[in-house]
Amino acid sequence: MGTWSAEPVGNDDAADFVAELDGQQRWTVVKRALARAERAGEGLDSDDAAVAVAAAEVVAHGLGRPSQTDEDTEEIQEFVGRARRPSRRLADRALRAVAIAAHPDGELAELWAETGTTEWRDSIDRLVANLTKR
């Protein structure tokens, strides 16, 4: 996986996922990514985990509480401008998917732990906080 930052949309898999939002008006693509994480549970691989985190970031943008705003999230902003505001239920699903994707024993968390930095965990914490606000 090509990674350029610890942010939710800071790697190739996340960027590819965000590109799928082009022209979309409904949350179907996001729901599918979150469901994949929920189904896989503890067996979620790092690629799907990165996509689940990116999908959760899309939900955070839809709620008006993004944790990342830069050139990598411009497509997300365009999407949320076309889509309806996400429901609280979708935000709860996003939280569950992030919990699975960022589980300390999960493949993605282990890869980030090998870097010896807390940047990724800090990014996840910001995302969770933004999804949790009511």
# chains A, B, ... in the order shown; residues from 1 in each chain; ligands from 1
$ closest_atom_pairs --of "stretch 74-95 of chain A" --to "stretch 33-42 of chain A" --cutoff "10 Å" --atoms "only C-alpha atoms" --output "Markdown table"
| residue | atom | partner | partner_atom | distance |
| --- | --- | --- | --- | --- |
| A:Leu90 | CA | A:Leu34 | CA | 9.1 |
| A:Arg93 | CA | A:Leu34 | CA | 6.8 |
| A:Ala94 | CA | A:Leu34 | CA | 6.3 |
| A:Leu95 | CA | A:Leu34 | CA | 9.3 |
$ select_by_dssp --residues "stretch 13-55 of chain A" --states "alpha helix (DSSP H)" --output "PyMOL selection string"
chain A and resi 13-19+28-40+46-55
$ closest_residue --among "A:Ala83, A:Ala97, A:Arg26, A:Glu107" --to "A:Ala55" --atoms "only C-alpha atoms"
A:Ala97
$ closest_residue --among "A:Val18, A:Leu131, A:Ala6, A:Ala99" --to "A:Glu75" --atoms "only C-alpha atoms"
A:Val18
$ closest_residue --among "A:Ala129, A:Val51, A:Leu44, A:Ile76" --to "A:Asp16" --atoms "only C-alpha atoms"
A:Val51
$ atom_distance --atom1 "atom CA of A:Gly62" --atom2 "atom CA of A:Ser46"
24.4 Å
$ residues_around --residues "A:Val128" --least-positions-apart "3" --cutoff "10 Å" --atoms "only C-alpha atoms" --output "mmCIF file with C-alpha atoms, in the first residue's frame"
data_model
loop_
_atom_site.group_PDB
_atom_site.id
_atom_site.type_symbol
_atom_site.label_atom_id
_atom_site.label_comp_id
_atom_site.auth_asym_id
_atom_site.auth_seq_id
_atom_site.Cartn_x
_atom_site.Cartn_y
_atom_site.Cartn_z
ATOM 1 C CA VAL A 53 -11.430 4.311 7.727
ATOM 2 C CA ALA A 56 -15.898 6.673 7.980
ATOM 3 C CA GLU A 57 -14.157 9.924 7.066
ATOM 4 C CA ALA A 60 -17.669 12.591 9.173
ATOM 5 C CA SER A 67 -10.948 15.107 10.530
ATOM 6 C CA ALA A 91 -22.503 7.361 11.796
ATOM 7 C CA ALA A 94 -18.912 4.121 10.711
ATOM 8 C CA LEU A 95 -17.819 4.061 14.363
ATOM 9 C CA ARG A 96 -18.128 0.265 14.486
ATOM 10 C CA VAL A 98 -13.366 2.175 12.574
ATOM 11 C CA ALA A 99 -13.237 0.153 15.793
ATOM 12 C CA ASP A 122 -3.994 10.259 16.762
ATOM 13 C CA SER A 123 -5.751 10.503 13.391
ATOM 14 C CA ILE A 124 -8.086 7.630 14.308
ATOM 15 C CA ASP A 125 -8.853 9.272 17.665
ATOM 16 C CA LEU A 131 -18.186 10.731 14.551
ATOM 17 C CA THR A 132 -19.202 10.555 18.208
ATOM 18 C CA LYS A 133 -20.308 14.179 18.623
#
$ residues_around --residues "A:Pro104" --least-positions-apart "4" --cutoff "12 Å" --atoms "only C-alpha atoms" --output "ChimeraX atom specification"
/A:42,98-100,108-114,120-121,124
$ write_last_selection --atoms "all heavy atoms" --output "short mmCIF file (atom, residue, chain, number, x, y, z; two decimals), in the first residue's frame"
data_model
loop_
_atom_site.label_atom_id
_atom_site.label_comp_id
_atom_site.auth_asym_id
_atom_site.auth_seq_id
_atom_site.Cartn_x
_atom_site.Cartn_y
_atom_site.Cartn_z
N GLU A 42 -12.56 -9.30 13.03
CA GLU A 42 -11.14 -9.38 13.39
C GLU A 42 -10.25 -9.81 12.22
O GLU A 42 -9.06 -9.56 12.24
CB GLU A 42 -10.95 -10.35 14.55
CG GLU A 42 -11.52 -9.84 15.84
CD GLU A 42 -11.34 -10.84 16.97
OE1 GLU A 42 -10.50 -11.76 16.83
OE2 GLU A 42 -12.04 -10.70 17.98
N VAL A 98 -14.67 1.64 12.15
CA VAL A 98 -13.37 2.18 12.57
C VAL A 98 -12.82 1.35 13.74
O VAL A 98 -11.62 1.06 13.79
CB VAL A 98 -13.47 3.67 12.95
CG1 VAL A 98 -12.18 4.16 13.60
CG2 VAL A 98 -13.76 4.49 11.71
N ALA A 99 -13.69 0.97 14.66
CA ALA A 99 -13.24 0.15 15.79
C ALA A 99 -12.64 -1.16 15.31
O ALA A 99 -11.61 -1.62 15.82
CB ALA A 99 -14.40 -0.11 16.75
N ILE A 100 -13.24 -1.75 14.30
CA ILE A 100 -12.72 -3.00 13.73
C ILE A 100 -11.41 -2.72 12.98
O ILE A 100 -10.42 -3.41 13.17
CB ILE A 100 -13.77 -3.63 12.79
CG1 ILE A 100 -14.97 -4.12 13.60
CG2 ILE A 100 -13.15 -4.78 11.99
CD1 ILE A 100 -16.20 -4.45 12.74
N LEU A 108 -3.84 -3.54 10.07
CA LEU A 108 -3.50 -2.14 9.79
C LEU A 108 -2.86 -1.49 11.01
O LEU A 108 -1.84 -0.80 10.89
CB LEU A 108 -4.74 -1.37 9.35
CG LEU A 108 -4.50 0.08 8.89
CD1 LEU A 108 -3.52 0.13 7.72
CD2 LEU A 108 -5.82 0.74 8.52
N ALA A 109 -3.42 -1.71 12.18
CA ALA A 109 -2.84 -1.13 13.40
C ALA A 109 -1.44 -1.67 13.65
O ALA A 109 -0.54 -0.92 14.07
CB ALA A 109 -3.74 -1.42 14.60
N GLU A 110 -1.24 -2.94 13.38
CA GLU A 110 0.09 -3.52 13.57
C GLU A 110 1.11 -2.91 12.61
O GLU A 110 2.24 -2.64 12.99
CB GLU A 110 0.03 -5.04 13.41
CG GLU A 110 -0.65 -5.72 14.59
CD GLU A 110 -0.78 -7.23 14.43
OE1 GLU A 110 -0.40 -7.77 13.36
OE2 GLU A 110 -1.28 -7.86 15.38
N LEU A 111 0.69 -2.67 11.38
CA LEU A 111 1.59 -2.03 10.41
C LEU A 111 1.97 -0.62 10.88
O LEU A 111 3.13 -0.22 10.78
CB LEU A 111 0.94 -1.97 9.02
CG LEU A 111 0.81 -3.29 8.28
CD1 LEU A 111 -0.05 -3.12 7.03
CD2 LEU A 111 2.18 -3.84 7.92
N TRP A 112 0.98 0.12 11.38
CA TRP A 112 1.27 1.47 11.86
C TRP A 112 2.11 1.43 13.14
O TRP A 112 2.95 2.31 13.35
CB TRP A 112 -0.01 2.27 12.06
CG TRP A 112 -0.46 2.87 10.77
CD1 TRP A 112 -1.47 2.45 9.97
CD2 TRP A 112 0.13 3.99 10.11
NE1 TRP A 112 -1.56 3.25 8.85
CE2 TRP A 112 -0.59 4.21 8.92
CE3 TRP A 112 1.18 4.85 10.41
CZ2 TRP A 112 -0.30 5.23 8.03
CZ3 TRP A 112 1.49 5.88 9.52
CH2 TRP A 112 0.75 6.05 8.35
N ALA A 113 1.90 0.44 13.97
CA ALA A 113 2.69 0.32 15.21
C ALA A 113 4.17 0.14 14.88
O ALA A 113 5.04 0.62 15.60
CB ALA A 113 2.19 -0.83 16.06
N GLU A 114 4.45 -0.53 13.78
CA GLU A 114 5.84 -0.76 13.36
C GLU A 114 6.56 0.55 13.02
O GLU A 114 7.79 0.59 13.03
CB GLU A 114 5.88 -1.70 12.16
CG GLU A 114 5.50 -3.13 12.49
CD GLU A 114 5.39 -4.01 11.26
OE1 GLU A 114 5.72 -3.56 10.13
OE2 GLU A 114 4.96 -5.16 11.41
N TRP A 120 -0.87 7.91 13.28
CA TRP A 120 -2.06 7.21 12.80
C TRP A 120 -3.08 7.06 13.91
O TRP A 120 -4.27 7.33 13.72
CB TRP A 120 -1.68 5.85 12.21
CG TRP A 120 -2.86 5.12 11.67
CD1 TRP A 120 -3.53 5.38 10.51
CD2 TRP A 120 -3.53 4.01 12.27
NE1 TRP A 120 -4.57 4.49 10.35
CE2 TRP A 120 -4.59 3.64 11.41
CE3 TRP A 120 -3.34 3.28 13.43
CZ2 TRP A 120 -5.45 2.59 11.68
CZ3 TRP A 120 -4.20 2.22 13.71
CH2 TRP A 120 -5.25 1.89 12.84
N ARG A 121 -2.65 6.66 15.08
CA ARG A 121 -3.58 6.49 16.21
C ARG A 121 -4.21 7.85 16.55
O ARG A 121 -5.40 7.91 16.83
CB ARG A 121 -2.84 5.90 17.41
CG ARG A 121 -3.69 5.64 18.62
CD ARG A 121 -4.91 4.80 18.39
NE ARG A 121 -4.63 3.49 17.88
CZ ARG A 121 -5.57 2.64 17.49
NH1 ARG A 121 -6.85 2.93 17.59
NH2 ARG A 121 -5.26 1.46 17.00
N ILE A 124 -6.91 8.47 14.02
CA ILE A 124 -8.09 7.63 14.31
C ILE A 124 -8.87 8.23 15.47
O ILE A 124 -10.11 8.30 15.43
CB ILE A 124 -7.65 6.18 14.62
CG1 ILE A 124 -7.07 5.51 13.36
CG2 ILE A 124 -8.82 5.36 15.20
CD1 ILE A 124 -8.05 5.32 12.22
#
$ closest_residue --among "A:Arg88, A:Ala102, A:Ala14, A:Gly116" --to "A:Ala50" --atoms "only C-alpha atoms"
A:Ala14
$ residues_around --residues "A:Asp12" --least-positions-apart "5" --cutoff "12 Å" --atoms "only C-alpha atoms" --output "VMD selection string"
chain A and resid 1 to 7 17 to 19 46 to 48 50 to 51 54 72
$ atom_distance --atom1 "atom CA of A:Asp105" --atom2 "atom CA of A:Thr117"
16.6 Å
